[in-house]
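First up is the structure itself, then whatever we jot down about it.
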Amino acid sequence: ASQSPSHPCPIPLPRADPLPHPGIALGRPSDPGCDRCVVHHVVTTTRLHTDDGVTLEALVDTPDDVRGTLVLCHPHPQHGGTMRAPILVTIAKRAVAAGYRALRFNFRGVGRSEGNHGGGKDEIEDVRAAIGHLRELAEPRGTPAVLAGYSFGSWVAASALAGGDSVAHLILVAPPTSMFDFSALNDDAEERARHFIVGERDRFCDRDALQEVYDRLPEPKTMRIVPGADHFFFGREKALADAVAETVADHT
């Protein structure tokens, strides 16, 4: 891998999520031209409290210089989805390298989060609790707020914003439109940017259904197709992280 003179690389990029232990962790490359250069950031564990009385476990990755905030919603709990899903870990580390404070949390009934799986409807409260918690940490004030969800998490994120919120950007990764109804997006009247990132070979994403929803959305909006990627982005994790980072950078 290439590396710049100002970014020596004595430490290899970690393959595993170093969490949940609080403290200093290794993040994604700070130099986009170097695959091994790593950045340090503070990782903390915390608890979120929903309006319906459920306590959720969460992890917050904070860079030294916070330029934005990001909430990440994990894939389906009944199919092994947790806040430590490799895709979420990859996106969080790249977001930290770009200066974003990233919050990941377990939906109710997952890990140490209280409650039971609610089929997506109850999980809307979980997303809103995460947004509210990160808003309280939003320093400096006025940093752009981004909500991103992967697979099932994208559906819950889209549904959570149908009631309105101050999130500036919504990023939906691999929305499973062949399994869930995303029409709630068209009920969201708030002014915000909406972005879709889809694998070229995603068999769980009905592209016609997604296009129908997308066409009805107001600007600004974007859709990125990751070449060769399936729903799980096997072997395309870096391309996905790049797409998320570029989407945020292009619109903030």
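In the structure tokens, the first chain shown is A, the next is B, and so on; residue numbers restart at 1 for each chain, and ligands run from 1 in the order shown.
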Apply DSSP to the structure's backbone, then extract all residues of range 2-251 of chain A labelled helix (DSSP H, G or I) and return them as a PyMOL selection string. chain A and resi 77-79+86-97+123-136+152-161+183-187+207-216+237-250
Find the residues near range 122-128 of chain A: any atom within 6 Å, counting only C-alpha atoms, skip ones fewer than 4 places away on the same chain, and give them as an mmCIF file with all heavy atoms, in the first residue's frame.
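Here's the written file around_34.cif:
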```
data_model
loop_
_atom_site.group_PDB
_atom_site.id
_atom_site.type_symbol
_atom_site.label_atom_id
_atom_site.label_comp_id
_atom_site.auth_asym_id
_atom_site.auth_seq_id
_atom_site.Cartn_x
_atom_site.Cartn_y
_atom_site.Cartn_z
ATOM 1 N N THR A 50 -35.267 4.984 25.850
ATOM 2 C CA THR A 50 -36.341 5.288 24.914
ATOM 3 C C THR A 50 -37.544 5.879 25.638
ATOM 4 O O THR A 50 -37.685 5.751 26.852
ATOM 5 C CB THR A 50 -36.794 4.026 24.172
ATOM 6 O OG1 THR A 50 -37.468 3.145 25.099
ATOM 7 C CG2 THR A 50 -35.603 3.289 23.565
ATOM 8 N N GLY A 118 -39.414 -5.975 18.240
ATOM 9 C CA GLY A 118 -40.745 -5.441 17.974
ATOM 10 C C GLY A 118 -41.129 -5.419 16.519
ATOM 11 O O GLY A 118 -42.051 -4.689 16.136
ATOM 12 N N VAL A 156 -35.921 0.677 9.398
ATOM 13 C CA VAL A 156 -36.303 1.304 10.661
ATOM 14 C C VAL A 156 -35.908 2.781 10.657
ATOM 15 O O VAL A 156 -36.665 3.646 11.103
ATOM 16 C CB VAL A 156 -35.659 0.583 11.861
ATOM 17 C CG1 VAL A 156 -36.075 1.256 13.165
ATOM 18 C CG2 VAL A 156 -36.062 -0.893 11.882
ATOM 19 N N ALA A 160 -38.424 5.861 11.114
ATOM 20 C CA ALA A 160 -38.267 6.750 12.270
ATOM 21 C C ALA A 160 -38.328 8.211 11.862
ATOM 22 O O ALA A 160 -38.791 9.064 12.625
ATOM 23 C CB ALA A 160 -36.945 6.462 12.978
#
```
Report as a tab-separated table the residues of range 72-117 of chain A within 12 Å of range 165-172 of chain A, each with its shortest atom pair and distance in Å (one decimal), using only C-alpha atoms, ordered by chain and increasing residue number.
```
residue	atom	partner	partner_atom	distance
A:Leu72	CA	A:Ile171	CA	9.4
A:Cys73	CA	A:Leu172	CA	9.7
A:His74	CA	A:Leu172	CA	11.2
A:Pro75	CA	A:Leu172	CA	11.5
A:Ile91	CA	A:Ile171	CA	11.6
```
Of A:Glu200, A:Arg216, A:Leu56, A:Arg104, the one sitting nearest Ala184 in chain A when using only C-alpha atoms is A:Arg216
Kindly give the distance, in Å, that separates CA of Leu147 in chain A and CA of Arg112 in chain A, rounded to a single decimal.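 So the two atoms, CA of Leu147 in chain A and CA of Arg112 in chain A, lie 22.2 Å apart.
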Quote the spacing between CA of Arg207 in chain A and CA of Leu240 in chain A in Å to one decimal place. 18.0 Å
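Listed by chain and then by rising number, the residues of range 115-214 of chain A that DSSP assigns to strand (DSSP E or B) from the backbone are Ala145, Val146, Leu147, Ala148, Gly149, Tyr150, His169, Leu170, Ile171, Leu172, Val173, Ala193, Arg194, His195, Phe196, Ile197, Val198 and Gly199 of chain A.
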Near-Ile87 in chain A list (9 Å; only C-alpha atoms; drop same-chain fewer than 2 positions) as a CSV table (one decimal) with N, CA and C atoms, in the first residue's frame:
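Okay, selection_34.csv is ready:
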```csv
chain,number,residue,atom,x,y,z
A,74,HIS,N,-28.2,-1.2,12.9
A,74,HIS,CA,-27.7,-2.5,12.5
A,74,HIS,C,-28.8,-3.4,11.8
A,84,ARG,N,-22.2,-4.7,16.2
A,84,ARG,CA,-20.9,-5.1,15.9
A,84,ARG,C,-20.8,-5.8,14.5
A,85,ALA,N,-21.9,-5.7,13.7
A,85,ALA,CA,-21.9,-6.2,12.4
A,85,ALA,C,-20.7,-5.6,11.6
A,89,VAL,N,-19.1,-1.7,11.7
A,89,VAL,CA,-17.7,-1.4,12.2
A,89,VAL,C,-16.9,-0.7,11.2
A,90,THR,N,-16.9,-1.2,9.9
A,90,THR,CA,-16.2,-0.5,8.9
A,90,THR,C,-16.6,0.9,8.6
A,91,ILE,N,-17.9,1.1,8.6
A,91,ILE,CA,-18.4,2.5,8.3
A,91,ILE,C,-18.1,3.4,9.5
A,92,ALA,N,-18.2,2.9,10.7
A,92,ALA,CA,-17.9,3.7,11.9
A,92,ALA,C,-16.5,4.1,11.9
A,150,TYR,N,-28.3,0.0,7.8
A,150,TYR,CA,-28.0,-1.1,6.9
A,150,TYR,C,-29.0,-2.2,6.9
A,232,PHE,N,-24.6,-8.3,1.2
A,232,PHE,CA,-23.7,-8.3,2.4
A,232,PHE,C,-22.3,-7.6,2.1
A,233,PHE,N,-22.1,-7.2,0.9
A,233,PHE,CA,-20.9,-6.5,0.5
A,233,PHE,C,-19.6,-7.3,0.8
A,237,GLU,N,-16.3,-4.3,1.2
A,237,GLU,CA,-16.5,-3.5,2.4
A,237,GLU,C,-15.9,-2.1,2.3
A,240,LEU,N,-17.8,0.1,0.0
A,240,LEU,CA,-19.0,0.6,0.7
A,240,LEU,C,-18.6,1.8,1.6
A,241,ALA,N,-17.6,1.6,2.4
A,241,ALA,CA,-17.2,2.6,3.4
A,241,ALA,C,-16.8,3.9,2.6
```
Mind checking which residues fall within 7 Å of His133 in chain A, counting only C-alpha atoms, ignoring those fewer than 4 positions away in the same chain, and posting them as a CSV table (one decimal) with C-alpha atoms, in the first residue's frame?
```
chain,number,residue,atom,x,y,z
A,48,LEU,CA,-29.8,5.0,25.7
A,129,ALA,CA,-33.4,7.7,21.4
A,137,LEU,CA,-23.3,15.3,22.6
```
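Rounded to one decimal, CA of Arg101 in chain A and CA of Pro63 in chain A lie 6.3 Å from each other.
When only C-alpha atoms are used to compute distances to Asp208 in chain A, the closest of the residues A:Gly68, A:Thr46, A:Arg94, A:Ser178 turns out to be A:Ser178.
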Which residue is closest to Cys205 in chain A? Choose from A:Phe107, A:Phe234, A:Tyr100, A:Phe180 and count only C-alpha atoms. A:Phe180
Neighbours of Gly115 in chain A within 8 Å (only C-alpha atoms; same-chain residues fewer than 3 positions away dropped), as a list in words? Val54, Thr55, Arg108 and Gly109 of chain A
